[in-house]
file coords-v3.pdb (PDB, C-alpha atoms)
ATOM      1  CA  MET K   1      10.730 -44.536  19.872
ATOM      2  CA  SER K   2       8.415 -41.548  19.593
ATOM      3  CA  VAL K   3       8.419 -39.511  16.384
ATOM      4  CA  MET K   4       9.260 -36.470  18.489
ATOM      5  CA  ARG K   5      12.358 -38.092  19.935
ATOM      6  CA  GLU K   6      13.463 -39.583  16.623
ATOM      7  CA  LYS K   7      13.321 -36.226  14.836
ATOM      8  CA  LEU K   8      14.906 -34.156  17.591
ATOM      9  CA  GLU K   9      17.664 -36.601  18.456
ATOM     10  CA  ASN K  10      18.501 -38.272  15.152
ATOM     11  CA  THR K  11      17.645 -35.846  12.339
ATOM     12  CA  ASN K  12      17.953 -32.186  11.426
ATOM     13  CA  GLU K  13      14.278 -31.917  10.508
ATOM     14  CA  THR K  14      12.169 -29.063  11.801
ATOM     15  CA  VAL K  15       9.672 -30.267  14.399
ATOM     16  CA  PHE K  16       6.155 -28.883  14.721
ATOM     17  CA  THR K  17       3.961 -29.295  17.792
ATOM     18  CA  ALA K  18       0.511 -27.951  18.639
ATOM     19  CA  GLU K  19      -1.960 -27.587  21.482
ATOM     20  CA  PHE K  20      -4.913 -29.956  21.589
ATOM     21  CA  PRO K  21      -8.169 -28.196  22.506
ATOM     22  CA  SER K  22      -9.256 -28.762  26.090
ATOM     23  CA  ILE K  23     -12.001 -31.369  26.329
ATOM     24  CA  ASP K  24     -15.165 -30.374  28.209
ATOM     25  CA  GLY K  25     -17.651 -32.716  26.600
ATOM     26  CA  GLY K  26     -18.569 -33.900  23.157
ATOM     27  CA  GLY K  27     -17.034 -37.327  23.623
ATOM     28  CA  MET K  28     -14.756 -39.030  21.162
ATOM     29  CA  ALA K  29     -16.455 -37.315  18.227
ATOM     30  CA  LYS K  30     -14.938 -34.021  19.349
ATOM     31  CA  VAL K  31     -11.535 -35.659  19.809
ATOM     32  CA  GLU K  32     -11.743 -37.184  16.342
ATOM     33  CA  LYS K  33     -12.617 -33.849  14.716
ATOM     34  CA  SER K  34      -9.720 -32.013  16.376
ATOM     35  CA  ALA K  35      -7.290 -34.848  15.684
ATOM     36  CA  ALA K  36      -8.186 -34.883  11.984
ATOM     37  CA  ARG K  37      -7.370 -31.178  11.732
ATOM     38  CA  LEU K  38      -3.994 -31.441  13.486
ATOM     39  CA  ALA K  39      -2.676 -34.821  12.320
ATOM     40  CA  PRO K  40      -1.576 -33.743   8.815
ATOM     41  CA  TRP K  41       0.804 -31.109  10.162
ATOM     42  CA  PHE K  42       2.169 -31.908  13.608
ATOM     43  CA  ASP K  43       4.722 -34.368  14.951
ATOM     44  CA  ALA K  44       3.257 -34.294  18.446
ATOM     45  CA  VAL K  45       0.456 -32.452  20.230
ATOM     46  CA  ASN K  46       0.163 -31.272  23.832
ATOM     47  CA  ALA K  47      -2.377 -32.947  26.095
ATOM     48  CA  THR K  48      -2.799 -30.153  28.615
ATOM     49  CA  ASP K  49      -3.288 -30.453  32.373
ATOM     50  CA  ASN K  50      -5.971 -27.991  33.535
ATOM     51  CA  PRO K  51      -4.462 -25.047  31.589
ATOM     52  CA  ALA K  52      -4.886 -21.540  33.019
ATOM     53  CA  ALA K  53      -6.119 -23.199  36.244
ATOM     54  CA  HIS K  54      -9.448 -24.257  34.687
ATOM     55  CA  ALA K  55     -10.738 -27.805  35.160
ATOM     56  CA  HIS K  56     -11.020 -29.961  32.009
ATOM     57  CA  ALA K  57     -10.848 -33.638  31.104
ATOM     58  CA  SER K  58      -7.669 -35.021  32.664
ATOM     59  CA  ASN K  59      -4.286 -34.911  30.992
ATOM     60  CA  THR K  60      -3.936 -38.712  30.994
ATOM     61  CA  SER K  61      -7.384 -39.389  29.527
ATOM     62  CA  SER K  62      -6.882 -36.693  26.893
ATOM     63  CA  ALA K  63      -3.481 -38.109  25.924
ATOM     64  CA  ILE K  64      -4.922 -41.622  25.585
ATOM     65  CA  ALA K  65      -7.829 -40.329  23.462
ATOM     66  CA  MET K  66      -5.430 -38.435  21.220
ATOM     67  CA  LYS K  67      -3.251 -41.519  20.777
ATOM     68  CA  MET K  68      -6.322 -43.564  19.859
ATOM     69  CA  HIS K  69      -7.008 -41.073  17.056
ATOM     70  CA  GLY K  70      -3.554 -41.107  15.520
ATOM     71  CA  LEU K  71      -1.825 -38.238  17.306
ATOM     72  CA  GLU K  72       1.407 -38.536  19.250
ATOM     73  CA  PRO K  73       0.703 -36.851  22.597
ATOM     74  CA  ILE K  74       3.001 -34.763  24.727
ATOM     75  CA  MET K  75       1.354 -35.248  28.109
ATOM     76  CA  GLN K  76       1.719 -32.212  30.335
ATOM     77  CA  ILE K  77       1.789 -32.564  34.120
ATOM     78  CA  VAL K  78       1.512 -29.509  36.388
ATOM     79  CA  CYS K  79       2.758 -29.258  39.957
ATOM     80  CA  ARG K  80       0.045 -26.824  41.044
ATOM     81  CA  ASP K  81      -2.619 -29.501  41.562
ATOM     82  CA  LYS K  82      -0.654 -32.623  42.510
ATOM     83  CA  ASN K  83       1.800 -33.946  45.046
ATOM     84  CA  ARG K  84       4.739 -36.156  44.112
ATOM     85  CA  LEU K  85       2.679 -39.347  44.425
ATOM     86  CA  ALA K  86       0.039 -38.111  41.980
ATOM     87  CA  ILE K  87       2.719 -36.849  39.585
ATOM     88  CA  GLN K  88       4.434 -40.241  39.553
ATOM     89  CA  ALA K  89       1.037 -41.896  39.080
ATOM     90  CA  ASP K  90       0.371 -39.661  36.058
ATOM     91  CA  MET K  91       3.703 -40.627  34.552
ATOM     92  CA  MET K  92       3.228 -44.339  35.108
ATOM     93  CA  GLY K  93      -0.333 -44.133  33.789
ATOM     94  CA  ALA K  94       1.052 -42.582  30.627
ATOM     95  CA  ALA K  95       3.677 -45.314  30.339
ATOM     96  CA  LEU K  96       0.980 -47.975  30.726
ATOM     97  CA  HIS K  97      -0.575 -46.712  27.482
ATOM     98  CA  GLY K  98       2.698 -46.344  25.587
ATOM     99  CA  ILE K  99       2.911 -42.574  25.967
ATOM    100  CA  GLU K 100       6.566 -41.513  25.991
ATOM    101  CA  ASN K 101       6.512 -37.724  25.675
ATOM    102  CA  ILE K 102       5.902 -35.925  28.964
ATOM    103  CA  SER K 103       6.264 -32.264  29.858
ATOM    104  CA  LEU K 104       6.588 -31.022  33.436
ATOM    105  CA  LEU K 105       5.236 -27.578  34.348
ATOM    106  CA  THR K 106       4.767 -25.582  37.526
ATOM    107  CA  GLY K 107       1.333 -24.419  36.314
ATOM    108  CA  ASP K 108      -0.501 -21.099  36.416
ATOM    109  CA  ASP K 109      -1.613 -19.970  39.863
ATOM    110  CA  VAL K 110      -5.209 -20.762  40.847
ATOM    111  CA  THR K 111      -6.029 -17.045  40.780
ATOM    112  CA  ALA K 112      -5.791 -17.233  36.980
ATOM    113  CA  GLY K 113      -8.715 -19.664  36.850
ATOM    114  CA  ASP K 114     -12.444 -19.687  37.513
ATOM    115  CA  GLU K 115     -12.182 -21.376  40.931
ATOM    116  CA  PRO K 116      -9.684 -19.132  42.745
ATOM    117  CA  GLU K 117     -10.615 -20.602  46.136
ATOM    118  CA  THR K 118      -8.860 -23.846  45.111
ATOM    119  CA  ARG K 119      -6.077 -24.967  47.424
ATOM    120  CA  ARG K 120      -2.649 -25.006  45.799
ATOM    121  CA  VAL K 121      -0.479 -28.112  46.146
ATOM    122  CA  PHE K 122       3.029 -27.295  44.850
ATOM    123  CA  ASP K 123       4.589 -30.192  46.756
ATOM    124  CA  ILE K 124       7.453 -29.946  44.261
ATOM    125  CA  ASP K 125       8.391 -27.547  41.477
ATOM    126  CA  SER K 126       8.795 -28.281  37.777
ATOM    127  CA  THR K 127      12.560 -28.842  37.955
ATOM    128  CA  GLN K 128      12.107 -31.372  40.756
ATOM    129  CA  ALA K 129       9.349 -33.063  38.741
ATOM    130  CA  ILE K 130      11.699 -33.331  35.764
ATOM    131  CA  ASN K 131      14.248 -35.023  37.997
ATOM    132  CA  ILE K 132      11.604 -37.469  39.249
ATOM    133  CA  ALA K 133      10.750 -38.365  35.647
ATOM    134  CA  ARG K 134      14.432 -39.024  35.001
ATOM    135  CA  ILE K 135      14.618 -41.234  38.104
ATOM    136  CA  LEU K 136      11.619 -43.267  36.909
ATOM    137  CA  THR K 137      13.444 -43.987  33.651
ATOM    138  CA  THR K 138      16.247 -45.616  35.677
ATOM    139  CA  GLY K 139      13.796 -48.201  36.998
ATOM    140  CA  THR K 140      12.740 -46.906  40.414
ATOM    141  CA  TYR K 141      10.135 -44.678  41.973
ATOM    142  CA  LEU K 142      11.344 -41.696  43.995
ATOM    143  CA  SER K 143      11.157 -43.932  47.073
ATOM    144  CA  GLY K 144      13.593 -46.414  45.538
ATOM    145  CA  ARG K 145      10.897 -49.036  44.875
ATOM    146  CA  LYS K 146      11.651 -50.942  41.684
ATOM    147  CA  ILE K 147       9.883 -50.540  38.329
ATOM    148  CA  ASN K 148      10.322 -53.366  35.842
ATOM    149  CA  PRO K 149      10.528 -52.546  33.017
ATOM    150  CA  ALA K 150      11.453 -48.900  33.456
ATOM    151  CA  PRO K 151       9.359 -46.377  31.491
ATOM    152  CA  ASP K 152      11.062 -44.841  28.461
ATOM    153  CA  PHE K 153      10.092 -41.191  28.778
ATOM    154  CA  TYR K 154      11.199 -38.376  26.510
ATOM    155  CA  ILE K 155      11.179 -35.519  28.998
ATOM    156  CA  SER K 156      10.481 -31.852  28.316
ATOM    157  CA  ALA K 157       9.530 -28.658  30.088
ATOM    158  CA  VAL K 158       8.579 -25.045  29.353
ATOM    159  CA  GLU K 159      10.247 -21.669  29.803
ATOM    160  CA  ASN K 160       9.350 -18.025  29.215
ATOM    161  CA  PRO K 161      12.047 -16.112  27.299
ATOM    162  CA  ALA K 162      10.175 -12.802  27.526
ATOM    163  CA  ALA K 163       9.632 -12.551  31.294
ATOM    164  CA  PRO K 164      12.102 -10.761  33.576
ATOM    165  CA  PRO K 165      14.644 -11.324  34.986
ATOM    166  CA  PHE K 166      15.854 -12.348  31.531
ATOM    167  CA  ASP K 167      19.248 -13.779  32.458
ATOM    168  CA  TYR K 168      17.619 -15.904  35.140
ATOM    169  CA  ARG K 169      15.389 -17.498  32.494
ATOM    170  CA  ILE K 170      18.516 -18.839  30.815
ATOM    171  CA  GLU K 171      19.740 -20.197  34.161
ATOM    172  CA  ARG K 172      16.353 -21.866  34.718
ATOM    173  CA  ALA K 173      16.601 -23.520  31.323
ATOM    174  CA  LEU K 174      20.016 -24.903  32.287
ATOM    175  CA  LYS K 175      18.636 -26.260  35.582
ATOM    176  CA  LYS K 176      15.814 -28.030  33.742
ATOM    177  CA  TYR K 177      18.294 -29.459  31.237
ATOM    178  CA  ARG K 178      20.515 -30.765  34.025
ATOM    179  CA  ALA K 179      17.477 -32.294  35.730
ATOM    180  CA  GLY K 180      16.656 -34.287  32.590
ATOM    181  CA  ALA K 181      14.719 -32.141  30.085
ATOM    182  CA  LYS K 182      15.708 -32.767  26.465
ATOM    183  CA  TYR K 183      13.782 -29.867  24.934
ATOM    184  CA  LEU K 184      11.782 -26.833  26.008
ATOM    185  CA  GLN K 185       8.575 -25.476  24.541
ATOM    186  CA  LEU K 186       8.779 -21.722  24.999
ATOM    187  CA  GLN K 187       6.016 -19.376  26.094
ATOM    188  CA  ILE K 188       4.554 -16.952  23.549
ATOM    189  CA  CYS K 189       7.075 -14.178  22.863
ATOM    190  CA  TYR K 190       6.295 -10.993  20.917
ATOM    191  CA  HIS K 191       9.732  -9.533  21.618
ATOM    192  CA  PRO K 192      12.095 -10.892  18.931
ATOM    193  CA  ASP K 193      15.109  -9.363  20.690
ATOM    194  CA  ARG K 194      14.326 -11.153  23.951
ATOM    195  CA  LEU K 195      13.793 -14.465  22.189
ATOM    196  CA  GLU K 196      17.059 -14.000  20.291
ATOM    197  CA  LYS K 197      19.005 -13.314  23.495
ATOM    198  CA  PHE K 198      17.447 -16.285  25.281
ATOM    199  CA  CYS K 199      18.168 -18.726  22.451
ATOM    200  CA  ALA K 200      21.751 -17.517  22.103
ATOM    201  CA  GLY K 201      22.268 -17.852  25.858
ATOM    202  CA  VAL K 202      20.881 -21.385  25.957
ATOM    203  CA  ALA K 203      22.919 -22.453  22.916
ATOM    204  CA  LYS K 204      26.068 -21.241  24.669
ATOM    205  CA  ILE K 205      25.624 -23.051  27.995
ATOM    206  CA  ALA K 206      23.495 -26.077  27.014
ATOM    207  CA  PRO K 207      24.139 -26.791  23.318
ATOM    208  CA  ASP K 208      22.255 -30.115  23.405
ATOM    209  CA  LEU K 209      19.041 -28.536  24.705
ATOM    210  CA  LYS K 210      16.480 -28.101  21.917
ATOM    211  CA  LEU K 211      14.126 -25.111  21.875
ATOM    212  CA  ILE K 212      10.637 -24.924  20.384
ATOM    213  CA  PRO K 213       9.202 -21.371  20.495
ATOM    214  CA  THR K 214       5.448 -20.831  20.488
ATOM    215  CA  ILE K 215       3.652 -18.987  17.683
ATOM    216  CA  VAL K 216      -0.006 -17.907  17.956
ATOM    217  CA  LEU K 217      -2.452 -17.490  15.087
ATOM    218  CA  VAL K 218      -4.997 -14.741  15.827
ATOM    219  CA  LYS K 219      -7.603 -12.907  13.721
ATOM    220  CA  SER K 220      -7.384  -9.380  15.128
ATOM    221  CA  ALA K 221      -5.832  -7.070  17.689
ATOM    222  CA  LYS K 222      -8.427  -8.044  20.310
ATOM    223  CA  PRO K 223      -6.829 -11.370  21.343
ATOM    224  CA  LEU K 224      -3.429  -9.675  21.398
ATOM    225  CA  GLY K 225      -4.796  -7.137  23.870
ATOM    226  CA  PHE K 226      -6.411  -9.895  25.901
ATOM    227  CA  MET K 227      -3.181 -11.879  26.139
ATOM    228  CA  ASN K 228      -1.257  -8.753  27.104
ATOM    229  CA  ASP K 229      -3.756  -7.737  29.803
ATOM    230  CA  LYS K 230      -5.004 -11.047  31.154
ATOM    231  CA  VAL K 231      -2.525 -13.872  30.567
ATOM    232  CA  PRO K 232       0.264 -14.097  33.167
ATOM    233  CA  GLY K 233       3.758 -13.920  31.716
ATOM    234  CA  ILE K 234       2.786 -12.516  28.312
ATOM    235  CA  ASP K 235       3.822  -8.974  27.406
ATOM    236  CA  ILE K 236       3.014  -7.672  23.915
ATOM    237  CA  PRO K 237       4.472  -4.336  22.771
ATOM    238  CA  LEU K 238       1.881  -1.629  22.163
ATOM    239  CA  ASP K 239       3.376  -0.990  18.725
ATOM    240  CA  THR K 240       2.661  -4.599  17.787
ATOM    241  CA  ILE K 241      -0.961  -4.396  18.916
ATOM    242  CA  ASN K 242      -1.396  -1.053  17.151
ATOM    243  CA  ARG K 243       0.079  -2.459  13.937
ATOM    244  CA  VAL K 244      -2.739  -4.988  13.764
ATOM    245  CA  SER K 245      -5.518  -2.712  15.055
ATOM    246  CA  ALA K 246      -4.664   0.018  12.500
ATOM    247  CA  ALA K 247      -4.710  -2.347   9.520
ATOM    248  CA  SER K 248      -7.615  -2.239   7.082
ATOM    249  CA  ASP K 249      -7.659  -6.052   7.216
ATOM    250  CA  GLN K 250      -6.732  -7.056  10.757
ATOM    251  CA  ALA K 251      -6.896 -10.784  10.040
ATOM    252  CA  ASP K 252      -4.427 -10.467   7.183
ATOM    253  CA  GLU K 253      -2.058  -8.223   9.157
ATOM    254  CA  ALA K 254      -2.171 -10.557  12.168
ATOM    255  CA  TYR K 255      -1.310 -13.454   9.874
ATOM    256  CA  LYS K 256       1.654 -11.557   8.376
ATOM    257  CA  LEU K 257       2.899 -10.717  11.878
ATOM    258  CA  THR K 258       2.724 -14.354  12.957
ATOM    259  CA  LEU K 259       4.556 -15.540   9.854
ATOM    260  CA  GLU K 260       7.319 -12.965  10.440
ATOM    261  CA  LEU K 261       7.722 -14.052  14.059
ATOM    262  CA  ALA K 262       7.766 -17.713  13.040
ATOM    263  CA  LYS K 263      10.475 -17.263  10.419
ATOM    264  CA  HIS K 264      12.575 -15.212  12.821
ATOM    265  CA  ALA K 265      12.241 -17.853  15.546
ATOM    266  CA  LEU K 266      13.293 -20.643  13.190
ATOM    267  CA  SER K 267      16.468 -18.722  12.325
ATOM    268  CA  LEU K 268      17.745 -18.659  15.918
ATOM    269  CA  PRO K 269      20.378 -20.903  17.513
ATOM    270  CA  ALA K 270      19.146 -23.987  19.406
ATOM    271  CA  VAL K 271      15.673 -23.676  17.819
ATOM    272  CA  ARG K 272      14.535 -26.974  16.324
ATOM    273  CA  GLY K 273      10.907 -26.253  15.563
ATOM    274  CA  LEU K 274       7.750 -24.355  16.416
ATOM    275  CA  HIS K 275       4.814 -24.856  18.747
ATOM    276  CA  VAL K 276       1.676 -23.547  17.031
ATOM    277  CA  THR K 277      -1.349 -22.341  18.982
ATOM    278  CA  ASP K 278      -4.362 -21.621  16.783
ATOM    279  CA  PHE K 279      -6.956 -19.094  17.965
ATOM    280  CA  ARG K 280      -8.307 -18.498  14.445
ATOM    281  CA  HIS K 281      -9.809 -21.942  13.785
ATOM    282  CA  ASP K 282     -10.069 -21.345  10.036
ATOM    283  CA  ASP K 283      -8.120 -22.393   6.973
ATOM    284  CA  SER K 284      -5.209 -20.131   7.923
ATOM    285  CA  LEU K 285      -3.511 -23.013   9.762
ATOM    286  CA  ASP K 286      -3.037 -24.861   6.480
ATOM    287  CA  SER K 287      -1.819 -21.688   4.754
ATOM    288  CA  PHE K 288       0.593 -20.991   7.591
ATOM    289  CA  MET K 289       2.168 -24.440   7.377
ATOM    290  CA  TYR K 290       2.439 -24.228   3.590
ATOM    291  CA  ASP K 291       4.071 -20.790   3.895
ATOM    292  CA  LEU K 292       6.670 -22.342   6.217
ATOM    293  CA  GLY K 293       7.501 -24.883   3.504
ATOM    294  CA  GLN K 294       5.610 -27.808   5.023
ATOM    295  CA  LYS K 295       3.463 -30.383   3.265
ATOM    296  CA  PRO K 296       0.612 -32.321   4.885
ATOM    297  CA  ARG K 297       1.138 -35.954   5.746
ATOM    298  CA  ASN K 298      -1.042 -38.477   3.954
TER     299      ASN K 298
END

call {"tool": "encode", "arguments": {"input": "coords-v3.pdb", "output": "structure tokens"}}
result
Amino acid sequence: MSVMREKLENTNETVFTAEFPSIDGGGMAKVEKSAARLAPWFDAVNATDNPAAHAHASNTSSAIAMKMHGLEPIMQIVCRDKNRLAIQADMMGAALHGIENISLLTGDDVTAGDEPETRRVFDIDSTQAINIARILTTGTYLSGRKINPAPDFYISAVENPAAPPFDYRIERALKKYRAGAKYLQLQICYHPDRLEKFCAGVAKIAPDLKLIPTIVLVKSAKPLGFMNDKVPGIDIPLDTINRVSAASDQADEAYKLTLELAKHALSLPAVRGLHVTDFRHDDSLDSFMYDLGQKPRN
């Protein structure tokens, strides 16, 4: 059983996940360096699948490399680039290497990336992909062809609590839960009121669904402005950006903001942990985890 599953299903411990840097070269030495930085703090780490519609080393190869270096991967699979055959192949490839945690996403549109002429696939959507993963765990492919033994996936998905229509986001979470998702990693949210409403709504209609909000470590107001202007689905209040930009020490103020958002998120119903994205790449990650009451693993 994966550490992720054990903690979420059988304990009351707070779970921490992170994003593994996309791999564009550097070989295993680069993987080893990133793994050494993340391993002391995180229960599982996302192996992304061409995030923001940019090509990188594949999700399956990244997940295997991470596992080789002591990390428990959460292998993401996006529907943008793959039909149902390729998605099932990704899942079974993961199972072949003992990877249990998988996360199904629709994926950012190709216009968000650096090759916007790319043809979209979208044979199925993320909820349908979740259901396919659930079917595989029963011992058959989508076609009905047998799998023996059946893969033992721990299935997850993503959702955006800050994007309108807000009530529909809660309904989408319920659909993903019914399809087979056990937990959701949530998109970055700089609106505490929206996150609070989403978590309360999910806790009411799907009390067994675990939520893991995303928190982002930044050094200044510049990346906040970039995310607000350029990243689909992220909306950051102007007051929040101005709070950091007006500070005499932007790095310190950005850190305080992130810590406040993290503590608020952990106080909400259905929240079982945090997903940490680190854009600072300094010693603030260690400080952040210590400030949340965590201790590094040996």

call {"tool": "atom_distance", "arguments": {"input": "coords-v3.pdb", "atom1": "CA of Ala203 (chain K)", "atom2": "CA of Met91 (chain K)"}}
result
28.9 Å

call {"tool": "closest_residue", "arguments": {"input": "coords-v3.pdb", "among": "K:His54, K:Lys256, K:Lys263, K:Lys204", "to": "Val218 (chain K)", "atoms": "only C-alpha atoms"}}
result
K:Lys256

call {"tool": "residues_around", "arguments": {"input": "coords-v3.pdb", "residues": "region 98-110 of chain K", "least_positions_apart": "4", "cutoff": "6 Å", "atoms": "all atoms listed in the file", "output": "CSV table (one decimal) with C-alpha atoms, in the coordinates of the input"}}
result
chain,number,residue,atom,x,y,z
K,52,ALA,CA,-4.9,-21.5,33.0
K,53,ALA,CA,-6.1,-23.2,36.2
K,74,ILE,CA,3.0,-34.8,24.7
K,75,MET,CA,1.4,-35.2,28.1
K,76,GLN,CA,1.7,-32.2,30.3
K,77,ILE,CA,1.8,-32.6,34.1
K,78,VAL,CA,1.5,-29.5,36.4
K,79,CYS,CA,2.8,-29.3,40.0
K,80,ARG,CA,0.0,-26.8,41.0
K,94,ALA,CA,1.1,-42.6,30.6
K,116,PRO,CA,-9.7,-19.1,42.7
K,125,ASP,CA,8.4,-27.5,41.5
K,126,SER,CA,8.8,-28.3,37.8
K,153,PHE,CA,10.1,-41.2,28.8
K,154,TYR,CA,11.2,-38.4,26.5
K,155,ILE,CA,11.2,-35.5,29.0
K,156,SER,CA,10.5,-31.9,28.3
K,157,ALA,CA,9.5,-28.7,30.1

call {"tool": "resolve_selection", "arguments": {"input": "coords-v3.pdb", "expression": "the PyMOL selection byres ((chain K and resi 33-35) around 12)", "output": "ChimeraX atom specification"}}
result
/K:18-23,26-32,36-42,44-47,62-63,65-73,278,281

call {"tool": "closest_residue", "arguments": {"input": "coords-v3.pdb", "among": "K:Val276, K:Ala200, K:Ala150, K:Ile64", "to": "Leu292 (chain K)", "atoms": "only C-alpha atoms"}}
result
K:Val276

call {"tool": "closest_residue", "arguments": {"input": "coords-v3.pdb", "among": "K:Phe16, K:Glu9, K:Thr118, K:Gly93", "to": "Pro296 (chain K)", "atoms": "only C-alpha atoms"}}
result
K:Phe16

call {"tool": "resolve_selection", "arguments": {"input": "coords-v3.pdb", "expression": "the PyMOL selection byres ((chain K and resi 267-272) around 12)", "output": "PDB file with C-alpha atoms, in the frame of the given file"}}
result
ATOM      1  CA  MET K   4       9.260 -36.470  18.489  1.00  0.00           C
ATOM      2  CA  ARG K   5      12.358 -38.092  19.935  1.00  0.00           C
ATOM      3  CA  LYS K   7      13.321 -36.226  14.836  1.00  0.00           C
ATOM      4  CA  LEU K   8      14.906 -34.156  17.591  1.00  0.00           C
ATOM      5  CA  GLU K   9      17.664 -36.601  18.456  1.00  0.00           C
ATOM      6  CA  THR K  11      17.645 -35.846  12.339  1.00  0.00           C
ATOM      7  CA  ASN K  12      17.953 -32.186  11.426  1.00  0.00           C
ATOM      8  CA  GLU K  13      14.278 -31.917  10.508  1.00  0.00           C
ATOM      9  CA  THR K  14      12.169 -29.063  11.801  1.00  0.00           C
ATOM     10  CA  VAL K  15       9.672 -30.267  14.399  1.00  0.00           C
ATOM     11  CA  PHE K  16       6.155 -28.883  14.721  1.00  0.00           C
ATOM     12  CA  THR K  17       3.961 -29.295  17.792  1.00  0.00           C
ATOM     13  CA  LYS K 182      15.708 -32.767  26.465  1.00  0.00           C
ATOM     14  CA  TYR K 183      13.782 -29.867  24.934  1.00  0.00           C
ATOM     15  CA  LEU K 184      11.782 -26.833  26.008  1.00  0.00           C
ATOM     16  CA  GLN K 185       8.575 -25.476  24.541  1.00  0.00           C
ATOM     17  CA  LEU K 186       8.779 -21.722  24.999  1.00  0.00           C
ATOM     18  CA  PRO K 192      12.095 -10.892  18.931  1.00  0.00           C
ATOM     19  CA  ASP K 193      15.109  -9.363  20.690  1.00  0.00           C
ATOM     20  CA  ARG K 194      14.326 -11.153  23.951  1.00  0.00           C
ATOM     21  CA  LEU K 195      13.793 -14.465  22.189  1.00  0.00           C
ATOM     22  CA  GLU K 196      17.059 -14.000  20.291  1.00  0.00           C
ATOM     23  CA  LYS K 197      19.005 -13.314  23.495  1.00  0.00           C
ATOM     24  CA  PHE K 198      17.447 -16.285  25.281  1.00  0.00           C
ATOM     25  CA  CYS K 199      18.168 -18.726  22.451  1.00  0.00           C
ATOM     26  CA  ALA K 200      21.751 -17.517  22.103  1.00  0.00           C
ATOM     27  CA  GLY K 201      22.268 -17.852  25.858  1.00  0.00           C
ATOM     28  CA  VAL K 202      20.881 -21.385  25.957  1.00  0.00           C
ATOM     29  CA  ALA K 203      22.919 -22.453  22.916  1.00  0.00           C
ATOM     30  CA  LYS K 204      26.068 -21.241  24.669  1.00  0.00           C
ATOM     31  CA  ILE K 205      25.624 -23.051  27.995  1.00  0.00           C
ATOM     32  CA  ALA K 206      23.495 -26.077  27.014  1.00  0.00           C
ATOM     33  CA  PRO K 207      24.139 -26.791  23.318  1.00  0.00           C
ATOM     34  CA  ASP K 208      22.255 -30.115  23.405  1.00  0.00           C
ATOM     35  CA  LEU K 209      19.041 -28.536  24.705  1.00  0.00           C
ATOM     36  CA  LYS K 210      16.480 -28.101  21.917  1.00  0.00           C
ATOM     37  CA  LEU K 211      14.126 -25.111  21.875  1.00  0.00           C
ATOM     38  CA  ILE K 212      10.637 -24.924  20.384  1.00  0.00           C
ATOM     39  CA  PRO K 213       9.202 -21.371  20.495  1.00  0.00           C
ATOM     40  CA  THR K 214       5.448 -20.831  20.488  1.00  0.00           C
ATOM     41  CA  GLU K 260       7.319 -12.965  10.440  1.00  0.00           C
ATOM     42  CA  LEU K 261       7.722 -14.052  14.059  1.00  0.00           C
ATOM     43  CA  ALA K 262       7.766 -17.713  13.040  1.00  0.00           C
ATOM     44  CA  LYS K 263      10.475 -17.263  10.419  1.00  0.00           C
ATOM     45  CA  HIS K 264      12.575 -15.212  12.821  1.00  0.00           C
ATOM     46  CA  ALA K 265      12.241 -17.853  15.546  1.00  0.00           C
ATOM     47  CA  LEU K 266      13.293 -20.643  13.190  1.00  0.00           C
ATOM     48  CA  GLY K 273      10.907 -26.253  15.563  1.00  0.00           C
ATOM     49  CA  LEU K 274       7.750 -24.355  16.416  1.00  0.00           C
ATOM     50  CA  HIS K 275       4.814 -24.856  18.747  1.00  0.00           C
TER      51      HIS K 275
END

call {"tool": "closest_residue", "arguments": {"input": "coords-v3.pdb", "among": "K:Val231, K:Leu238, K:Leu85, K:Val216", "to": "Tyr255 (chain K)", "atoms": "all atoms listed in the file"}}
result
K:Val216

call {"tool": "closest_residue", "arguments": {"input": "coords-v3.pdb", "among": "K:Asp152, K:Glu253, K:Asp123, K:Glu159", "to": "Ala86 (chain K)", "atoms": "only C-alpha atoms"}}
result
K:Asp123

call {"tool": "build_atoms", "arguments": {"input": "coords-v3.pdb", "residues": "region 238-245 of chain K", "atoms": "N, CA and C atoms", "output": "PDB file, in the frame of the given file"}}
result
ATOM      1  N   LEU K 238       3.015  -2.406  22.653  1.00  0.00           N
ATOM      2  CA  LEU K 238       1.881  -1.629  22.163  1.00  0.00           C
ATOM      3  C   LEU K 238       1.985  -1.396  20.662  1.00  0.00           C
ATOM      4  N   ASP K 239       3.194  -1.196  20.164  1.00  0.00           N
ATOM      5  CA  ASP K 239       3.376  -0.990  18.725  1.00  0.00           C
ATOM      6  C   ASP K 239       2.893  -2.198  17.927  1.00  0.00           C
ATOM      7  N   THR K 240       3.098  -3.379  18.471  1.00  0.00           N
ATOM      8  CA  THR K 240       2.661  -4.599  17.787  1.00  0.00           C
ATOM      9  C   THR K 240       1.145  -4.676  17.746  1.00  0.00           C
ATOM     10  N   ILE K 241       0.504  -4.379  18.869  1.00  0.00           N
ATOM     11  CA  ILE K 241      -0.961  -4.396  18.916  1.00  0.00           C
ATOM     12  C   ILE K 241      -1.524  -3.333  17.983  1.00  0.00           C
ATOM     13  N   ASN K 242      -0.918  -2.144  18.005  1.00  0.00           N
ATOM     14  CA  ASN K 242      -1.396  -1.053  17.151  1.00  0.00           C
ATOM     15  C   ASN K 242      -1.208  -1.367  15.667  1.00  0.00           C
ATOM     16  N   ARG K 243      -0.145  -2.080  15.339  1.00  0.00           N
ATOM     17  CA  ARG K 243       0.079  -2.459  13.937  1.00  0.00           C
ATOM     18  C   ARG K 243      -1.107  -3.253  13.401  1.00  0.00           C
ATOM     19  N   VAL K 244      -1.614  -4.166  14.205  1.00  0.00           N
ATOM     20  CA  VAL K 244      -2.739  -4.988  13.764  1.00  0.00           C
ATOM     21  C   VAL K 244      -4.046  -4.201  13.822  1.00  0.00           C
ATOM     22  N   SER K 245      -4.250  -3.437  14.897  1.00  0.00           N
ATOM     23  CA  SER K 245      -5.518  -2.712  15.055  1.00  0.00           C
ATOM     24  C   SER K 245      -5.694  -1.630  13.992  1.00  0.00           C
TER      25      SER K 245
END
